[in-house]
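J.: Handing over my_file06.tsv, TSV, C-alpha atoms.
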```
chain	number	residue	atom	x	y	z
C	1	MET	CA	79.90	115.40	132.96
C	2	ARG	CA	80.45	113.66	129.66
C	3	PHE	CA	82.79	110.90	128.67
C	4	TYR	CA	85.08	110.98	125.70
C	5	GLU	CA	87.66	108.75	124.18
C	6	LEU	CA	90.78	110.17	122.60
C	7	MET	CA	93.05	108.13	120.42
C	8	VAL	CA	96.39	109.57	119.38
C	9	ILE	CA	99.02	108.12	117.08
C	10	VAL	CA	102.37	109.61	118.00
C	11	ASP	CA	105.29	109.53	115.58
C	12	ALA	CA	107.33	106.45	116.52
C	13	ASP	CA	110.59	108.03	115.30
C	14	LEU	CA	110.32	110.78	117.91
C	15	GLU	CA	112.95	110.69	120.66
C	16	ILE	CA	110.87	110.71	123.86
C	17	PRO	CA	112.31	109.76	127.27
C	18	GLU	CA	110.82	106.62	128.82
C	19	GLY	CA	107.56	107.22	130.70
C	20	GLN	CA	106.92	110.63	129.14
C	21	ASP	CA	104.42	111.86	126.61
C	22	ALA	CA	105.11	113.69	123.40
C	23	PRO	CA	105.22	117.44	124.19
C	24	SER	CA	102.01	118.24	122.31
C	25	LEU	CA	100.12	115.34	123.90
C	26	ALA	CA	101.30	116.44	127.36
C	27	LYS	CA	100.12	119.94	126.52
C	28	ALA	CA	96.72	118.65	125.41
C	29	ILE	CA	96.31	116.64	128.63
C	30	GLU	CA	97.30	119.69	130.65
C	31	SER	CA	94.70	121.84	128.89
C	32	ILE	CA	91.98	119.24	129.54
C	33	GLU	CA	92.83	119.17	133.24
C	34	SER	CA	93.01	122.96	133.51
C	35	GLU	CA	89.44	123.16	132.14
C	36	GLY	CA	88.09	120.89	134.85
C	37	GLY	CA	88.32	117.59	133.01
C	38	SER	CA	90.04	114.48	134.20
C	39	ILE	CA	91.84	111.59	132.54
C	40	VAL	CA	90.02	108.44	133.64
C	41	SER	CA	92.39	105.99	132.02
C	42	LYS	CA	95.41	106.06	129.77
C	43	LEU	CA	96.47	103.04	127.78
C	44	ASP	CA	99.76	102.87	125.94
C	45	SER	CA	100.75	99.26	126.38
C	46	SER	CA	99.64	96.13	124.53
C	47	PRO	CA	97.54	96.04	122.34
C	48	TRP	CA	98.38	99.76	122.07
C	49	GLY	CA	101.81	101.35	122.15
C	50	LEU	CA	103.99	100.66	119.15
C	51	ARG	CA	101.86	99.18	116.37
C	52	ARG	CA	101.95	98.68	112.65
C	53	LEU	CA	99.71	101.04	110.75
C	54	ALA	CA	97.18	99.47	108.40
C	55	TYR	CA	98.54	101.69	105.65
C	56	GLU	CA	101.46	104.07	105.32
C	57	ILE	CA	100.95	107.63	106.54
C	58	ASN	CA	103.60	110.20	105.59
C	59	HIS	CA	105.88	107.31	104.55
C	60	LYS	CA	105.70	105.80	108.03
C	61	SER	CA	104.52	102.26	108.67
C	62	GLU	CA	104.59	102.27	112.47
C	63	GLY	CA	103.05	104.49	115.10
C	64	PHE	CA	102.82	104.77	118.87
C	65	TYR	CA	99.16	104.52	119.91
C	66	VAL	CA	97.79	106.10	123.07
C	67	VAL	CA	94.13	105.69	124.11
C	68	LEU	CA	92.67	108.02	126.74
C	69	GLU	CA	89.31	108.01	128.47
C	70	ILE	CA	88.33	111.51	129.50
C	71	ALA	CA	85.58	112.79	131.79
C	72	THR	CA	84.83	116.45	131.21
C	73	GLU	CA	82.14	119.07	130.70
C	74	ALA	CA	80.75	119.58	127.23
C	75	ASN	CA	82.88	121.50	124.72
C	76	SER	CA	85.96	121.83	126.90
C	77	LEU	CA	88.04	119.68	124.59
C	78	ASP	CA	88.40	122.36	121.91
C	79	THR	CA	91.81	123.59	123.06
C	80	ALA	CA	93.13	120.04	123.36
C	81	ASP	CA	91.86	119.28	119.86
C	82	HIS	CA	93.48	122.48	118.61
C	83	THR	CA	96.92	121.68	120.07
C	84	LEU	CA	96.78	118.17	118.66
C	85	ARG	CA	95.72	119.47	115.27
C	86	LEU	CA	98.64	121.91	115.19
C	87	ALA	CA	101.01	119.04	115.88
C	88	ASP	CA	99.50	116.92	113.12
C	89	ARG	CA	102.02	115.75	110.53
C	90	SER	CA	104.95	116.54	112.85
C	91	GLU	CA	104.75	114.94	116.28
C	92	ILE	CA	101.35	113.41	115.93
C	93	ILE	CA	100.32	111.30	112.98
C	94	ARG	CA	96.57	111.12	113.66
C	95	HIS	CA	94.19	111.90	116.50
C	96	LYS	CA	90.48	111.52	117.08
C	97	ILE	CA	88.17	112.55	119.89
C	98	MET	CA	84.93	110.60	120.25
C	99	ARG	CA	82.00	111.06	122.61
C	100	LEU	CA	81.16	107.87	124.46
C	101	PRO	CA	77.40	107.28	124.42
C	102	ASP	CA	75.85	107.06	127.91
C	103	ASP	CA	75.07	103.35	127.68
C	104	GLU	CA	78.65	102.61	126.61
C	105	ALA	CA	79.96	104.67	129.56
C	106	ILE	CA	77.70	102.65	131.89
C	107	ARG	CA	78.97	99.40	130.37
C	108	ARG	CA	82.56	100.47	131.00
C	109	GLY	CA	81.71	101.38	134.59
C	110	LEU	CA	82.44	105.08	134.11
C	111	LEU	CA	78.90	106.20	134.81
C	112	ALA	CA	76.42	105.01	137.43
C	113	GLU	CA	73.47	102.99	136.11
C	114	ASN	CA	70.71	105.49	136.88
C	115	ALA	CA	72.65	108.70	136.26
C	116	SER	CA	72.43	110.74	133.09
C	117	ALA	CA	75.61	112.29	131.73
C	118	ASP	CA	74.00	115.64	130.98
C	119	LYS	CA	73.29	116.59	134.56
F	1	MET	CA	68.77	69.06	77.43
F	2	GLY	CA	65.19	67.95	77.94
F	3	LYS	CA	66.26	65.96	80.95
F	4	THR	CA	67.77	68.90	82.77
F	5	ARG	CA	64.75	71.05	82.08
F	6	ALA	CA	62.48	68.44	83.60
F	7	ARG	CA	64.65	68.27	86.68
F	8	SER	CA	64.82	72.04	87.12
F	9	SER	CA	61.06	72.40	86.90
F	10	LYS	CA	60.66	69.83	89.66
F	11	LYS	CA	63.15	71.61	91.88
F	12	LYS	CA	61.57	74.00	94.32
F	13	LYS	CA	63.14	77.41	94.66
F	14	ARG	CA	64.70	77.40	98.11
F	15	LEU	CA	64.57	80.63	100.04
F	16	PRO	CA	67.71	81.42	101.98
F	17	LYS	CA	67.35	81.19	105.73
F	18	LYS	CA	66.83	84.58	107.30
F	19	LYS	CA	69.90	85.45	109.33
F	20	LYS	CA	69.66	87.04	112.75
F	21	CYS	CA	71.60	90.24	113.36
F	22	PHE	CA	74.89	89.34	115.04
F	23	PHE	CA	74.98	92.48	117.17
F	24	CYS	CA	71.36	92.07	118.31
F	25	THR	CA	71.97	88.49	119.47
F	26	GLU	CA	75.09	89.68	121.33
F	27	SER	CA	73.00	92.60	122.70
F	28	MET	CA	75.73	95.13	122.05
F	29	VAL	CA	75.09	98.75	122.92
F	30	ALA	CA	77.96	100.18	120.89
F	31	ILE	CA	80.25	98.79	118.23
F	32	ASP	CA	83.88	99.33	119.13
F	33	TYR	CA	86.09	100.61	116.32
F	34	LYS	CA	89.08	99.18	118.21
F	35	ASP	CA	87.80	95.61	117.95
F	36	GLU	CA	89.75	94.23	115.02
F	37	GLY	CA	87.98	90.86	115.03
F	38	ILE	CA	84.55	92.46	114.52
F	39	ILE	CA	85.80	94.83	111.83
F	40	ARG	CA	87.40	91.94	109.95
F	41	LYS	CA	84.35	89.74	110.31
F	42	PHE	CA	81.96	92.13	108.55
F	43	THR	CA	84.26	93.55	105.89
F	44	THR	CA	85.29	91.85	102.68
F	45	GLU	CA	88.81	90.58	102.07
F	46	ARG	CA	89.40	93.80	100.16
F	47	GLY	CA	88.46	95.82	103.23
F	48	LYS	CA	85.05	97.01	102.02
F	49	ILE	CA	82.06	97.07	104.35
F	50	SER	CA	79.97	93.95	103.62
F	51	PRO	CA	76.41	94.60	102.46
F	52	ARG	CA	73.58	93.80	104.82
F	53	ARG	CA	72.10	91.25	102.43
F	54	ASN	CA	75.19	89.09	102.99
F	55	THR	CA	75.71	89.52	106.70
F	56	GLY	CA	72.13	89.81	107.96
F	57	ILE	CA	72.91	92.74	110.24
F	58	CYS	CA	69.91	94.93	111.12
F	59	PRO	CA	69.80	98.51	109.75
F	60	LYS	CA	70.53	100.11	113.12
F	61	HIS	CA	73.64	98.07	113.73
F	62	GLN	CA	74.79	98.38	110.12
F	63	ARG	CA	74.85	102.16	110.53
F	64	MET	CA	76.78	101.84	113.78
F	65	PHE	CA	79.15	99.36	112.18
F	66	ALA	CA	79.79	101.59	109.17
F	67	GLN	CA	80.68	104.43	111.55
F	68	ALA	CA	83.07	102.13	113.44
F	69	VAL	CA	84.81	101.04	110.24
F	70	LYS	CA	85.28	104.64	109.15
F	71	ARG	CA	86.79	105.52	112.52
F	72	ALA	CA	89.11	102.51	112.37
F	73	ARG	CA	90.21	103.50	108.86
F	74	HIS	CA	91.07	107.04	109.89
F	75	LEU	CA	93.20	105.77	112.77
F	76	ALA	CA	94.99	103.24	110.53
F	77	LEU	CA	93.52	100.28	112.42
F	78	ALA	CA	91.80	99.03	109.28
F	79	PRO	CA	92.87	99.51	105.67
F	80	PHE	CA	90.93	101.53	103.11
F	81	VAL	CA	91.93	98.94	100.52
F	82	ARG	CA	93.55	95.64	101.31
F	83	GLU	CA	95.77	94.64	98.41
F	84	TYR	CA	96.19	91.09	97.31
F	85	PHE	CA	99.71	89.77	97.38
F	86	ARG	CA	100.52	87.81	94.27
```
I'd like the structure from this file rewritten - as C-alpha coordinates, please.

T.:
Amino acid sequence: MRFYELMVIVDADLEIPEGQDAPSLAKAIESIESEGGSIVSKLDSSPWGLRRLAYEINHKSEGFYVVLEIATEANSLDTADHTLRLADRSEIIRHKIMRLPDDEAIRRGLLAENASADK
Amino acid sequence: MGKTRARSSKKKKRLPKKKKCFFCTESMVAIDYKDEGIIRKFTTERGKISPRRNTGICPKHQRMFAQAVKRARHLALAPFVREYFR
(Lines of atoms letter the chains of each structure in order from A and count residues from 1; the text may use other names and numbers.)
(Lines give C-alpha, C1' and ligand atoms only; values in the text may rest on other atoms or scores of the structure.)
Protein backbone atom coordinates (compact mmCIF):
# COMPACT_ATOMS: atom_id res chain seq x y z
CA MET A 1 0.00 0.00 0.00
CA ARG A 2 1.25 3.43 -0.91
CA PHE A 3 0.04 6.85 0.02
CA TYR A 4 -0.63 9.64 -2.41
CA GLU A 5 -1.90 13.15 -2.25
CA LEU A 6 -4.12 14.54 -4.96
CA MET A 7 -4.84 18.21 -5.31
CA VAL A 8 -7.50 19.34 -7.74
CA ILE A 9 -8.55 22.86 -8.67
CA VAL A 10 -12.13 22.74 -9.90
CA ASP A 11 -13.58 25.55 -11.99
CA ALA A 12 -15.38 27.85 -9.54
CA ASP A 13 -17.90 28.97 -12.17
CA LEU A 14 -19.24 25.44 -12.51
CA GLU A 15 -22.79 24.89 -11.26
CA ILE A 16 -22.42 21.99 -8.80
CA PRO A 17 -25.12 21.10 -6.24
CA GLU A 18 -24.07 21.54 -2.60
CA GLY A 19 -22.15 18.58 -1.17
CA GLN A 20 -21.35 17.06 -4.56
CA ASP A 21 -18.17 16.76 -6.56
CA ALA A 22 -17.57 17.88 -10.10
CA PRO A 23 -18.55 14.97 -12.41
CA SER A 24 -14.98 14.26 -13.52
CA LEU A 25 -13.64 14.35 -9.95
CA ALA A 26 -16.41 11.97 -8.83
CA LYS A 27 -15.48 9.71 -11.73
CA ALA A 28 -11.80 9.79 -10.75
CA ILE A 29 -12.62 8.92 -7.13
CA GLU A 30 -14.84 6.09 -8.32
CA SER A 31 -12.05 4.66 -10.49
CA ILE A 32 -9.60 4.80 -7.57
CA GLU A 33 -12.02 2.89 -5.36
CA SER A 34 -12.83 0.33 -8.04
CA GLU A 35 -9.10 -0.47 -8.31
CA GLY A 36 -8.83 -1.27 -4.62
CA GLY A 37 -7.73 2.14 -3.37
CA SER A 38 -9.36 4.17 -0.67
CA ILE A 39 -9.78 7.86 0.05
CA VAL A 40 -8.25 8.45 3.48
CA SER A 41 -9.24 12.08 3.78
CA LYS A 42 -10.88 14.72 1.67
CA LEU A 43 -10.49 18.39 2.42
CA ASP A 44 -12.52 21.06 0.69
CA SER A 45 -13.09 23.57 3.45
CA SER A 46 -10.83 26.30 4.85
CA PRO A 47 -7.98 26.82 3.96
CA TRP A 48 -9.11 24.92 0.85
CA GLY A 49 -12.38 25.30 -1.01
CA LEU A 50 -12.83 28.56 -2.86
CA ARG A 51 -9.49 30.35 -3.07
CA ARG A 52 -7.80 33.04 -5.07
CA LEU A 53 -5.29 31.73 -7.56
CA ALA A 54 -1.78 33.15 -7.35
CA TYR A 55 -2.03 33.99 -11.03
CA GLU A 56 -4.78 33.90 -13.63
CA ILE A 57 -5.38 30.59 -15.40
CA ASN A 58 -7.64 30.64 -18.47
CA HIS A 59 -8.76 34.14 -17.45
CA LYS A 60 -9.98 32.88 -14.09
CA SER A 61 -8.74 34.29 -10.80
CA GLU A 62 -10.54 31.94 -8.42
CA GLY A 63 -10.70 28.18 -8.08
CA PHE A 64 -12.25 25.55 -5.84
CA TYR A 65 -9.48 23.50 -4.23
CA VAL A 66 -9.93 19.90 -3.11
CA VAL A 67 -7.13 17.96 -1.38
CA LEU A 68 -7.37 14.17 -1.14
CA GLU A 69 -5.20 11.65 0.67
CA ILE A 70 -5.29 8.31 -1.07
CA ALA A 71 -4.10 4.86 0.01
CA THR A 72 -3.69 2.52 -2.93
CA GLU A 73 -1.46 -0.02 -4.64
CA ALA A 74 1.28 1.22 -6.92
CA ASN A 75 0.29 2.43 -10.39
CA SER A 76 -3.46 2.17 -9.91
CA LEU A 77 -3.93 5.92 -10.21
CA ASP A 78 -3.40 5.99 -13.98
CA THR A 79 -7.10 5.93 -14.88
CA ALA A 80 -7.90 8.63 -12.33
CA ASP A 81 -5.09 10.77 -13.70
CA HIS A 82 -6.38 10.15 -17.22
CA THR A 83 -9.97 11.23 -16.43
CA LEU A 84 -8.71 14.34 -14.68
CA ARG A 85 -6.41 15.16 -17.58
CA LEU A 86 -9.28 14.87 -20.06
CA ALA A 87 -11.28 17.33 -17.98
CA ASP A 88 -8.40 19.78 -17.84
CA ARG A 89 -9.27 23.24 -19.14
CA SER A 90 -13.01 22.53 -18.87
CA GLU A 91 -14.18 21.35 -15.46
CA ILE A 92 -10.82 21.12 -13.83
CA ILE A 93 -8.28 23.90 -13.91
CA ARG A 94 -5.27 21.98 -12.56
CA HIS A 95 -4.58 18.68 -10.83
CA LYS A 96 -1.52 16.98 -9.41
CA ILE A 97 -0.92 13.56 -7.90
CA MET A 98 2.03 13.23 -5.54
CA ARG A 99 3.47 10.20 -3.77
CA LEU A 100 3.81 10.77 -0.04
CA PRO A 101 7.22 9.57 1.16
CA ASP A 102 7.02 6.87 3.87
CA ASP A 103 8.32 9.10 6.65
CA GLU A 104 5.77 11.78 5.76
CA ALA A 105 2.98 9.16 5.82
CA ILE A 106 4.19 8.06 9.28
CA ARG A 107 4.22 11.67 10.46
CA ARG A 108 0.63 12.11 9.31
CA GLY A 109 -0.39 8.91 11.08
CA LEU A 110 -1.33 7.10 7.87
CA LEU A 111 1.31 4.42 8.24
CA ALA A 112 2.46 2.51 11.30
CA GLU A 113 5.94 3.39 12.59
CA ASN A 114 7.67 0.09 11.80
CA ALA A 115 5.80 -0.79 8.61
CA SER A 116 7.15 -0.24 5.12
CA ALA A 117 4.76 0.96 2.44
CA ASP A 118 6.05 -1.44 -0.19
CA LYS A 119 4.91 -4.61 1.52
CA MET B 1 41.54 60.21 1.66
CA GLY B 2 44.61 59.08 3.57
CA LYS B 3 42.58 58.96 6.73
CA THR B 4 40.02 56.55 5.37
CA ARG B 5 42.68 54.29 3.98
CA ALA B 6 44.35 54.07 7.36
CA ARG B 7 41.06 53.18 8.97
CA SER B 8 40.19 50.52 6.42
CA SER B 9 43.54 48.81 6.80
CA LYS B 10 42.99 48.60 10.54
CA LYS B 11 39.54 47.11 10.10
CA LYS B 12 39.49 43.35 10.20
CA LYS B 13 37.47 41.58 7.55
CA ARG B 14 34.54 40.10 9.41
CA LEU B 15 33.32 36.72 8.26
CA PRO B 16 29.56 36.34 8.24
CA LYS B 17 28.21 34.00 10.86
CA LYS B 18 27.47 30.58 9.44
CA LYS B 19 23.72 30.05 9.43
CA LYS B 20 22.16 26.77 10.47
CA CYS B 21 19.73 25.13 8.06
CA PHE B 22 16.19 26.08 9.10
CA PHE B 23 14.71 22.73 8.09
CA CYS B 24 17.42 20.74 9.89
CA THR B 25 16.86 22.61 13.15
CA GLU B 26 13.11 22.01 12.80
CA SER B 27 13.91 18.35 11.93
CA MET B 28 11.45 18.28 9.06
CA VAL B 29 11.12 15.10 7.05
CA ALA B 30 9.32 16.65 4.10
CA ILE B 31 8.71 20.20 2.96
CA ASP B 32 5.04 20.84 2.36
CA TYR B 33 4.20 22.71 -0.84
CA LYS B 34 0.91 23.73 0.80
CA ASP B 35 2.65 25.69 3.56
CA GLU B 36 2.46 29.25 2.31
CA GLY B 37 4.49 30.68 5.20
CA ILE B 38 7.51 28.49 4.42
CA ILE B 39 7.30 29.16 0.68
CA ARG B 40 7.16 32.91 1.30
CA LYS B 41 9.98 32.82 3.82
CA PHE B 42 12.55 31.33 1.43
CA THR B 43 11.54 33.05 -1.80
CA THR B 44 12.34 36.61 -2.79
CA GLU B 45 9.70 39.32 -2.97
CA ARG B 46 9.61 38.67 -6.70
CA GLY B 47 8.75 35.03 -6.06
CA LYS B 48 12.13 33.55 -6.99
CA ILE B 49 13.69 30.77 -4.94
CA SER B 50 16.29 32.38 -2.64
CA PRO B 51 19.86 31.16 -3.10
CA ARG B 52 21.38 28.99 -0.42
CA ARG B 53 24.13 31.52 0.29
CA ASN B 54 21.46 33.90 1.59
CA THR B 55 19.26 31.52 3.52
CA GLY B 56 21.79 29.01 4.85
CA ILE B 57 19.65 26.01 3.95
CA CYS B 58 21.58 22.75 3.51
CA PRO B 59 21.80 21.22 0.00
CA LYS B 60 19.40 18.38 0.79
CA HIS B 61 16.67 20.66 2.04
CA GLN B 62 17.27 23.21 -0.72
CA ARG B 63 16.50 20.50 -3.29
CA MET B 64 13.37 19.51 -1.40
CA PHE B 65 12.36 23.14 -1.07
CA ALA B 66 12.86 23.85 -4.77
CA GLN B 67 10.60 20.88 -5.56
CA ALA B 68 7.96 22.22 -3.16
CA VAL B 69 8.04 25.68 -4.74
CA LYS B 70 7.62 24.21 -8.21
CA ARG B 71 4.63 22.18 -7.05
CA ALA B 72 3.08 25.22 -5.39
CA ARG B 73 3.57 27.24 -8.58
CA HIS B 74 1.86 24.66 -10.75
CA LEU B 75 -1.15 24.59 -8.43
CA ALA B 76 -1.35 28.41 -8.34
CA LEU B 77 -0.51 28.54 -4.63
CA ALA B 78 2.61 30.58 -5.33
CA PRO B 79 3.25 32.98 -8.19
CA PHE B 80 5.84 32.43 -10.91
CA VAL B 81 6.50 36.17 -10.83
CA ARG B 82 5.18 38.52 -8.22
CA GLU B 83 4.68 41.93 -9.78
CA TYR B 84 5.32 45.12 -7.92
CA PHE B 85 2.37 47.44 -7.64
CA ARG B 86 3.35 51.02 -8.32

J.: For chain F, work out the contacting residues on chain C at 10 Å, counting all atoms listed in the file, and write them as a PyMOL selection string.

T.: chain C and resi 7-9+47+51-57+61-63+65+93-96+98+100-105+107

J.: Could you tell me how far CA of Gly37 in chain C lies from CA of Arg85 in chain C, in Å and to one decimal?

T.: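 Separation of CA of Gly37 in chain C and CA of Arg85 in chain C: 19.3 Å.
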
J.: I want to know what sits within 12 Å of Ala28 in chain C, based on only C-alpha atoms, with residues of the same chain fewer than 5 positions away left out; could you give that as an MDAnalysis selection string?

T.: chainID C and resid 6 8 21:23 33:35 37:39 68 70 76:87 92 95 97

J.: Give me the residues near Ser50 in chain F as number ranges by chain, where near means some atom within 12 Å (using all atoms listed in the file) and where sequence neighbours in that chain fewer than 6 positions away do not count.

T.: F: 38-44, 56-57, 62-63, 65-66, 69

J.: Just how far from CA of Leu50 in chain C is CA of Ala12 in chain C, in Å to one decimal?

T.: 7.2 Å

J.: Could you tell me how far CA of Arg2 in chain C lies from CA of Ile29 in chain C, in Å and to one decimal?

T.: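 Taking CA of Arg2 in chain C as the start and CA of Ile29 in chain C as the end point, the length is 16.2 Å.
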
J.: Need the shell around Lys20 in chain F: protein/DNA/RNA residues with any atom at most 12 Å away, counting all atoms listed in the file. Skip same-chain ones fewer than 6 positions apart. Format as number ranges by chain?

T.: F: 26-27, 52-59, 61

J.: Counting all atoms listed in the file, which of C:Asp13, C:Tyr4, C:Arg108, C:Leu25 gets nearest to Ala71 in chain C?

T.: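 Nearest to Ala71 in chain C: C:Tyr4.
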
J.: Determine, counting all atoms listed in the file, which protein, DNA and RNA residues have an atom within 8 Å of an atom of Gly49 in chain C; residues of the same chain fewer than 4 positions away are not included. Present the result as a ChimeraX atom specification.

T.: /C:43-45,63-66
